[in-house]
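Q: What follows is my_file-v4.json, made up of JSON, C-alpha atoms:
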```json
[["chain", "number", "residue", "atom", "x", "y", "z"],
["V", 371, "MET", "CA", 16.25, 56.87, -18.05],
["V", 372, "THR", "CA", 14.65, 59.28, -20.43],
["V", 373, "GLU", "CA", 10.93, 59.98, -20.66],
["V", 374, "GLN", "CA", 10.86, 58.09, -23.94],
["V", 375, "ASN", "CA", 12.18, 54.96, -22.24],
["V", 376, "LEU", "CA", 9.40, 55.12, -19.62],
["V", 377, "SER", "CA", 6.66, 54.38, -22.10],
["V", 378, "PRO", "CA", 4.41, 52.47, -21.91],
["V", 379, "GLN", "CA", 3.47, 52.51, -18.25],
["V", 380, "LEU", "CA", 4.34, 49.51, -16.11],
["V", 381, "PHE", "CA", 1.58, 46.93, -15.76],
["V", 382, "MET", "CA", 0.88, 44.51, -12.93],
["V", 383, "ARG", "CA", -1.48, 41.55, -12.68],
["V", 384, "VAL", "CA", -3.02, 39.63, -9.79],
["V", 385, "ASP", "CA", -4.95, 36.38, -9.66],
["V", 386, "LEU", "CA", -8.15, 37.25, -7.79],
["V", 387, "ASN", "CA", -8.94, 33.56, -7.33],
["V", 388, "LYS", "CA", -6.14, 33.46, -4.75],
["V", 389, "ILE", "CA", -7.76, 36.01, -2.43],
["V", 390, "ASP", "CA", -10.57, 35.69, 0.10],
["V", 391, "GLU", "CA", -12.93, 38.55, -0.66],
["V", 392, "ASN", "CA", -14.63, 38.04, 2.70],
["V", 393, "GLU", "CA", -11.43, 38.65, 4.68],
["V", 394, "GLU", "CA", -11.75, 41.63, 7.01],
["V", 395, "ILE", "CA", -9.93, 44.77, 5.96],
["V", 396, "LYS", "CA", -7.95, 46.02, 8.94],
["V", 397, "LEU", "CA", -7.78, 49.76, 9.51],
["V", 398, "PRO", "CA", -6.18, 51.89, 12.21],
["V", 399, "GLU", "CA", -8.47, 53.21, 14.93],
["V", 400, "GLY", "CA", -10.56, 56.14, 13.74],
["V", 401, "TYR", "CA", -10.65, 54.99, 10.11],
["V", 402, "THR", "CA", -13.52, 53.40, 8.20],
["V", 403, "ILE", "CA", -14.02, 52.16, 4.66],
["V", 404, "ARG", "CA", -16.99, 52.73, 2.38],
["V", 405, "THR", "CA", -18.05, 53.15, -1.22],
["V", 406, "PHE", "CA", -18.66, 56.40, -3.07],
["V", 407, "ARG", "CA", -21.85, 58.33, -2.19],
["V", 408, "GLU", "CA", -23.77, 60.27, -4.79],
["V", 409, "GLY", "CA", -25.11, 63.56, -3.50],
["V", 410, "GLU", "CA", -26.28, 66.94, -4.63],
["V", 411, "ASP", "CA", -23.47, 68.56, -2.67],
["V", 412, "LYS", "CA", -20.94, 66.43, -4.61],
["V", 413, "ALA", "CA", -18.91, 66.02, -1.41],
["V", 414, "ASP", "CA", -17.43, 62.68, -2.48],
["V", 415, "GLU", "CA", -16.56, 64.04, -5.92],
["V", 416, "HIS", "CA", -14.72, 66.94, -4.32],
["V", 417, "ALA", "CA", -12.95, 64.58, -1.90],
["V", 418, "TRP", "CA", -11.92, 62.33, -4.81],
["V", 419, "ASP", "CA", -10.65, 65.35, -6.77],
["V", 420, "HIS", "CA", -8.58, 66.44, -3.78],
["V", 421, "ILE", "CA", -7.07, 63.00, -3.06],
["V", 422, "ILE", "CA", -6.25, 62.25, -6.70],
["V", 423, "GLY", "CA", -5.07, 65.81, -7.39],
["V", 424, "VAL", "CA", -2.61, 65.62, -4.50],
["V", 425, "THR", "CA", -1.52, 62.05, -5.31],
["V", 426, "PHE", "CA", -0.83, 62.68, -8.97],
["V", 427, "GLN", "CA", -0.03, 66.39, -8.58],
["V", 428, "ASN", "CA", -2.39, 67.11, -11.42],
["V", 429, "PRO", "CA", -5.45, 69.35, -10.97],
["V", 430, "GLU", "CA", -6.71, 68.13, -14.36],
["V", 431, "CYS", "CA", -7.50, 64.73, -12.82],
["V", 432, "THR", "CA", -11.12, 65.36, -11.90],
["V", 433, "PHE", "CA", -14.00, 63.07, -11.19],
["V", 434, "GLU", "CA", -16.11, 64.75, -13.86],
["V", 435, "LYS", "CA", -13.44, 64.13, -16.51],
["V", 436, "LEU", "CA", -12.09, 60.71, -15.55],
["V", 437, "MET", "CA", -14.73, 58.76, -13.66],
["V", 438, "ARG", "CA", -18.32, 59.81, -14.27],
["V", 439, "PRO", "CA", -18.20, 59.69, -18.11],
["V", 440, "ASP", "CA", -16.46, 56.29, -18.15],
["V", 441, "PRO", "CA", -18.84, 53.44, -19.17],
["V", 442, "ALA", "CA", -17.51, 51.48, -16.17],
["V", 443, "TYR", "CA", -18.72, 54.13, -13.72],
["V", 444, "ARG", "CA", -20.75, 52.83, -10.81],
["V", 445, "PRO", "CA", -20.58, 54.32, -7.31],
["V", 446, "ASP", "CA", -20.13, 50.87, -5.75],
["V", 447, "ARG", "CA", -16.85, 50.42, -7.68],
["V", 448, "ILE", "CA", -15.20, 53.42, -5.99],
["V", 449, "TRP", "CA", -13.84, 53.00, -2.48],
["V", 450, "PHE", "CA", -12.80, 55.47, 0.18],
["V", 451, "VAL", "CA", -10.93, 55.06, 3.43],
["V", 452, "CYS", "CA", -12.20, 57.81, 5.72],
["V", 453, "CYS", "CA", -10.88, 59.46, 8.86],
["V", 454, "ASP", "CA", -13.79, 60.85, 10.88],
["V", 455, "ASP", "CA", -15.96, 60.34, 7.77],
["V", 456, "GLU", "CA", -13.60, 62.49, 5.64],
["V", 457, "PRO", "CA", -12.23, 60.53, 2.65],
["V", 458, "VAL", "CA", -8.42, 60.33, 2.78],
["V", 459, "ALA", "CA", -7.66, 57.44, 0.39],
["V", 460, "THR", "CA", -9.38, 56.04, -2.68],
["V", 461, "ALA", "CA", -9.24, 53.23, -5.24],
["V", 462, "ALA", "CA", -11.64, 51.92, -7.84],
["V", 463, "GLY", "CA", -12.34, 48.32, -8.79],
["V", 464, "TRP", "CA", -12.96, 49.19, -12.41],
["V", 465, "PHE", "CA", -13.65, 47.33, -15.61],
["V", 466, "GLN", "CA", -12.18, 48.01, -19.03],
["V", 467, "GLU", "CA", -13.81, 46.09, -21.85],
["V", 468, "LYS", "CA", -10.56, 45.92, -23.85],
["V", 469, "TYR", "CA", -9.08, 43.49, -21.29],
["V", 470, "GLY", "CA", -12.00, 41.05, -21.41],
["V", 471, "GLU", "CA", -14.70, 39.98, -18.97],
["V", 472, "GLU", "CA", -12.39, 37.98, -16.72],
["V", 473, "TYR", "CA", -10.24, 41.04, -15.93],
["V", 474, "GLY", "CA", -10.94, 43.85, -13.52],
["V", 475, "TYR", "CA", -8.79, 46.98, -13.49],
["V", 476, "LEU", "CA", -7.44, 48.70, -10.40],
["V", 477, "HIS", "CA", -7.99, 52.37, -11.15],
["V", 478, "MET", "CA", -6.99, 55.73, -9.62],
["V", 479, "VAL", "CA", -5.43, 54.71, -6.31],
["V", 480, "GLY", "CA", -4.38, 57.56, -4.06],
["V", 481, "ALA", "CA", -4.01, 58.68, -0.47],
["V", 482, "LEU", "CA", -3.37, 61.99, 1.23],
["V", 483, "PRO", "CA", 0.25, 62.25, 2.42],
["V", 484, "GLU", "CA", -0.70, 63.31, 5.94],
["V", 485, "HIS", "CA", -2.21, 59.83, 6.39],
["V", 486, "ALA", "CA", 0.77, 57.94, 4.90],
["V", 487, "GLY", "CA", 2.33, 54.96, 6.63],
["V", 488, "LYS", "CA", -0.92, 53.62, 8.06],
["V", 489, "GLY", "CA", -1.65, 50.95, 5.44],
["V", 490, "LEU", "CA", -4.56, 52.88, 3.94],
["V", 491, "GLY", "CA", -3.42, 52.29, 0.36],
["V", 492, "ILE", "CA", -3.31, 48.56, 1.00],
["V", 493, "ALA", "CA", -6.74, 48.65, 2.66],
["V", 494, "VAL", "CA", -8.45, 50.57, -0.12],
["V", 495, "THR", "CA", -6.73, 48.43, -2.77],
["V", 496, "LYS", "CA", -7.98, 45.29, -1.04],
["V", 497, "ALA", "CA", -11.52, 46.66, -1.04],
["V", 498, "ALA", "CA", -11.29, 47.29, -4.78],
["V", 499, "MET", "CA", -9.82, 43.82, -5.37],
["V", 500, "TYR", "CA", -12.57, 42.17, -3.32],
["V", 501, "SER", "CA", -15.25, 44.04, -5.24],
["V", 502, "MET", "CA", -13.76, 42.97, -8.59],
["V", 503, "LYS", "CA", -13.77, 39.35, -7.44],
["V", 504, "LYS", "CA", -17.37, 39.65, -6.24],
["V", 505, "GLU", "CA", -18.26, 40.91, -9.73],
["V", 506, "GLY", "CA", -16.93, 37.61, -11.07],
["V", 507, "ARG", "CA", -13.53, 38.78, -12.31],
["V", 508, "SER", "CA", -10.74, 36.17, -12.12],
["V", 509, "PHE", "CA", -7.82, 38.55, -12.57],
["V", 510, "ALA", "CA", -7.05, 42.24, -12.25],
["V", 511, "LEU", "CA", -4.63, 44.57, -13.97],
["V", 512, "LEU", "CA", -3.21, 47.94, -13.07],
["V", 513, "SER", "CA", -0.90, 50.41, -14.73],
["V", 514, "THR", "CA", 1.55, 52.55, -12.81],
["V", 515, "ASP", "CA", 4.65, 54.67, -13.17],
["V", 516, "ASP", "CA", 8.21, 53.64, -12.31],
["V", 517, "PHE", "CA", 8.56, 56.39, -9.68],
["V", 518, "ARG", "CA", 5.49, 55.35, -7.67],
["V", 519, "LEU", "CA", 7.63, 53.12, -5.49],
["V", 520, "PRO", "CA", 5.48, 53.11, -2.31],
["V", 521, "ALA", "CA", 2.42, 52.12, -4.38],
["V", 522, "ILE", "CA", 4.34, 49.40, -6.24],
["V", 523, "LYS", "CA", 5.63, 48.03, -2.94],
["V", 524, "SER", "CA", 2.06, 47.83, -1.64],
["V", 525, "TYR", "CA", 0.91, 46.04, -4.78],
["V", 526, "LEU", "CA", 3.75, 43.53, -4.52],
["V", 527, "ARG", "CA", 2.81, 42.87, -0.88],
["V", 528, "LEU", "CA", -0.74, 42.14, -2.03],
["V", 529, "GLY", "CA", 0.42, 39.54, -4.54],
["V", 530, "TRP", "CA", 0.49, 41.65, -7.70],
["V", 531, "GLU", "CA", 3.22, 40.70, -10.18],
["V", 532, "PRO", "CA", 4.80, 42.57, -13.09],
["V", 533, "LYS", "CA", 3.15, 41.99, -16.45],
["V", 534, "ILE", "CA", 5.56, 42.82, -19.24],
["V", 535, "VAL", "CA", 3.96, 44.75, -22.10],
["V", 536, "ASP", "CA", 7.14, 46.11, -23.74],
["V", 537, "ASP", "CA", 10.74, 44.90, -23.98],
["V", 538, "ASN", "CA", 12.00, 48.04, -22.21],
["V", 539, "GLN", "CA", 10.21, 46.96, -19.04],
["V", 540, "TYR", "CA", 12.63, 44.20, -18.01],
["V", 541, "ASP", "CA", 15.33, 46.75, -17.15],
["V", 542, "ARG", "CA", 12.76, 49.12, -15.66],
["V", 543, "TRP", "CA", 11.41, 46.42, -13.35],
["V", 544, "LYS", "CA", 14.96, 45.47, -12.36],
["V", 545, "LYS", "CA", 15.59, 49.08, -11.33],
["V", 546, "VAL", "CA", 12.25, 49.25, -9.43],
["V", 547, "TYR", "CA", 13.10, 46.06, -7.50],
["V", 548, "GLU", "CA", 16.58, 47.43, -6.70],
["V", 549, "ASN", "CA", 15.14, 50.75, -5.51],
["V", 550, "LEU", "CA", 12.63, 48.91, -3.32],
["V", 551, "GLN", "CA", 15.27, 46.44, -2.14],
["V", 552, "TRP", "CA", 12.66, 43.81, -2.98],
["V", 553, "LYS", "CA", 13.98, 40.34, -2.23],
["V", 554, "ALA", "CA", 12.22, 38.48, -5.04],
["V", 555, "ALA", "CA", 13.82, 38.48, -8.46],
["V", 556, "PRO", "CA", 12.36, 40.84, -11.06],
["V", 557, "PRO", "CA", 11.05, 39.38, -14.31],
["V", 558, "VAL", "CA", 13.77, 38.41, -16.75],
["V", 559, "LYS", "CA", 13.75, 38.19, -20.50],
["V", 560, "GLU", "CA", 13.59, 34.58, -21.64]]
```
Please lay out the structure from this file as structure tokens.
A:
Amino acid sequence: MTEQNLSPQLFMRVDLNKIDENEEIKLPEGYTIRTFREGEDKADEHAWDHIIGVTFQNPECTFEKLMRPDPAYRPDRIWFVCCDDEPVATAAGWFQEKYGEEYGYLHMVGALPEHAGKGLGIAVTKAAMYSMKKEGRSFALLSTDDFRLPAIKSYLRLGWEPKIVDDNQYDRWKKVYENLQWKAAPPVKE
């Protein structure tokens, strides 16, 4: 597929009414979960920059550019999974006015590769989902790229489903499901 055919990004949707926001988030031994901490040393900002920079391989993705100036910014909407109090995975339970009050938005999910395979992406995504539900959101959306297969697999495991926003996405989702060897059928054009 060409770059042109990969636009717009893939979208997914989840019904937050189907989750129990009080369910315990399970983490491997030595890991904890917490929200973002403001501080003069900007330690959490630097940790976020590192995690997201590595995840998206883009040093332009900085907290000061993408998070703090956003009207949705609140420290309690940003989650970290930490190893020995060092953030190693992050996700935000965001809000984007354009989607309406009933929708939250899963934003900037990432994890350091040296901590891969431990379910940290699922854990931090759950925390963000729970916080969106606690804010009164009924649904959540996310946007992602076709090549982010491990992330998409995690979202599918958590009950997220494709939301078609362009006709070119039926074939793209079919290819994603094939690459993941996902047993459920991808969305089909009616």
Q: Out of V:Leu511, V:Leu397, V:Ala459, V:Leu386, which residue has the shortest atom-to-atom distance to Ala486 in chain V when counting all atoms listed in the file?
A: V:Ala459
Q: Quick one: residues within 8 Å of Val458 in chain V, only C-alpha atoms, excluding same-chain residues fewer than 4 positions away - as a list of chain:residue names?
A: V:Ala417, V:Ile421, V:Phe450, V:Val451, V:Cys452, V:Cys453, V:Ala481, V:Leu482, V:His485
Q: Between CA of Glu471 in chain V and CA of Leu528 in chain V, what distance in Å does the model show, to one decimal?
A: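 Between CA of Glu471 in chain V and CA of Leu528 in chain V the gap works out to 22.1 Å.
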Q: As a list in words, please: the residues near His420 in chain V (cut-off 12 Å, all atoms listed in the file, same-chain neighbours under 5 positions excluded).
A: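 Near His420 in chain V, the qualifying residues are Ala413, Asp414, Glu415, Thr425, Phe426, Gln427, Asn428, Pro429, Glu430, Cys431, Thr432, Phe433, Glu456, Pro457, Val458, Ala459, Thr460, Gly480, Ala481, Leu482 and Pro483 of chain V.
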Q: In Å, how far is it from CA of Ser377 in chain V to CA of Leu436 in chain V?
A: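 One can read the CA of Ser377 in chain V to CA of Leu436 in chain V distance as 20.8 Å.
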Q: Adding 6 Å on each side of the box along x, y and z that holds all listed atoms of range 508-525 of chain V, could you give its centre and edge lengths in Å to one decimal, as lines of an AutoDock Vina configuration file?
A:
```
center_x = -1.1
center_y = 46.3
center_z = -8.2
size_x = 31.3
size_y = 32.2
size_z = 25.1
```
Q: Which residue out of V:Ala493, V:Tyr525, V:Glu472, V:Leu376 has the minimum interatomic distance to Lys396 in chain V when all atoms listed in the file are used?
A: V:Ala493
Q: For Arg404 in chain V, which residue among V:Arg383, V:Arg518, V:Arg447, V:Lys523 is the nearest when counting all atoms listed in the file?
A: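 Nearest to Arg404 in chain V: V:Arg447.
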Q: Could you build a table of the residues in range 430-468 of chain V lying no more than 9 Å from range 500-508 of chain V, giving for each the nearest pair of atoms and their separation in Å rounded to one decimal place, using all atoms listed in the file, ordered by chain and ascending residue number, as a Markdown table?
A:
```
| residue | atom | partner | partner_atom | distance |
| --- | --- | --- | --- | --- |
| V:Asp446 | CA | V:Ser501 | CA | 8.4 |
| V:Arg447 | CA | V:Ser501 | CA | 7.0 |
| V:Gly463 | CA | V:Met502 | CA | 5.5 |
| V:Trp464 | CA | V:Met502 | CA | 7.3 |
| V:Phe465 | CA | V:Met502 | CA | 8.3 |
```
Q: Nearest to Thr402 in chain V: which of V:Asp440, V:Asp455, V:Glu434, V:Asp390 is it, counting all atoms listed in the file?
A: V:Asp455
Q: Counting all atoms listed in the file, give me one row per residue of range 371-485 of chain V with an atom at most 8 Å from an atom of range 495-499 of chain V, showing the shortest contact pair and its distance in Å to one decimal, sorted by chain then residue number, as a tab-separated table.
A:
```
residue	atom	partner	partner_atom	distance
V:Leu386	CA	V:Met499	CA	7.2
V:Glu391	CA	V:Met499	CA	7.7
V:Ile395	CA	V:Lys496	CA	7.3
V:Arg447	CA	V:Ala498	CA	7.0
V:Ile448	CA	V:Ala498	CA	7.4
V:Trp449	CA	V:Ala498	CA	6.7
V:Ala461	CA	V:Thr495	CA	6.0
V:Ala462	CA	V:Ala498	CA	5.6
V:Gly463	CA	V:Ala498	CA	4.3
V:Leu476	CA	V:Ala498	CA	7.0
V:Val479	CA	V:Thr495	CA	7.3
```
Q: To one decimal place in Å, what is the distance between CA of Tyr401 in chain V and CA of Asp454 in chain V?
A: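 Distance between the two atoms: 6.7 Å.
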Q: Using the incomplete input, complete range 397-410 of chain V to the level of N, CA, C and O atoms; output as a short mmCIF file (atom, residue, chain, number, x, y, z; two decimals), in the coordinates of the input.
A:
```cif
data_model
loop_
_atom_site.label_atom_id
_atom_site.label_comp_id
_atom_site.auth_asym_id
_atom_site.auth_seq_id
_atom_site.Cartn_x
_atom_site.Cartn_y
_atom_site.Cartn_z
N LEU V 397 -8.07 48.33 9.56
CA LEU V 397 -7.78 49.76 9.51
C LEU V 397 -7.35 50.26 10.88
O LEU V 397 -7.78 49.71 11.90
N PRO V 398 -6.54 51.30 10.91
CA PRO V 398 -6.18 51.89 12.21
C PRO V 398 -7.43 52.47 12.89
O PRO V 398 -8.43 52.78 12.22
N GLU V 399 -7.35 52.63 14.18
CA GLU V 399 -8.47 53.21 14.93
C GLU V 399 -8.81 54.58 14.37
O GLU V 399 -7.93 55.38 14.04
N GLY V 400 -10.10 54.86 14.25
CA GLY V 400 -10.56 56.14 13.74
C GLY V 400 -10.79 56.17 12.23
O GLY V 400 -11.26 57.18 11.70
N TYR V 401 -10.47 55.07 11.56
CA TYR V 401 -10.65 54.99 10.11
C TYR V 401 -11.74 53.98 9.76
O TYR V 401 -11.91 52.98 10.45
N THR V 402 -12.47 54.29 8.70
CA THR V 402 -13.52 53.40 8.20
C THR V 402 -13.36 53.29 6.69
O THR V 402 -12.63 54.08 6.07
N ILE V 403 -14.07 52.33 6.11
CA ILE V 403 -14.02 52.16 4.66
C ILE V 403 -15.45 52.09 4.13
O ILE V 403 -16.34 51.53 4.79
N ARG V 404 -15.66 52.71 2.98
CA ARG V 404 -16.99 52.73 2.38
C ARG V 404 -16.87 52.98 0.89
O ARG V 404 -15.82 53.36 0.38
N THR V 405 -18.01 52.83 0.20
CA THR V 405 -18.05 53.15 -1.22
C THR V 405 -18.46 54.61 -1.42
O THR V 405 -18.90 55.29 -0.48
N PHE V 406 -18.32 55.03 -2.64
CA PHE V 406 -18.66 56.40 -3.07
C PHE V 406 -20.14 56.68 -2.83
O PHE V 406 -20.99 55.82 -3.04
N ARG V 407 -20.45 57.91 -2.41
CA ARG V 407 -21.85 58.33 -2.19
C ARG V 407 -22.19 59.44 -3.17
O ARG V 407 -21.52 60.47 -3.20
N GLU V 408 -23.24 59.21 -3.93
CA GLU V 408 -23.77 60.27 -4.79
C GLU V 408 -24.45 61.30 -3.89
O GLU V 408 -25.01 60.94 -2.86
N GLY V 409 -24.43 62.54 -4.28
CA GLY V 409 -25.11 63.56 -3.50
C GLY V 409 -25.13 64.87 -4.24
O GLY V 409 -24.24 65.17 -5.03
N GLU V 410 -26.17 65.64 -3.97
CA GLU V 410 -26.28 66.94 -4.63
C GLU V 410 -25.13 67.86 -4.28
O GLU V 410 -24.73 68.71 -5.08
#
```
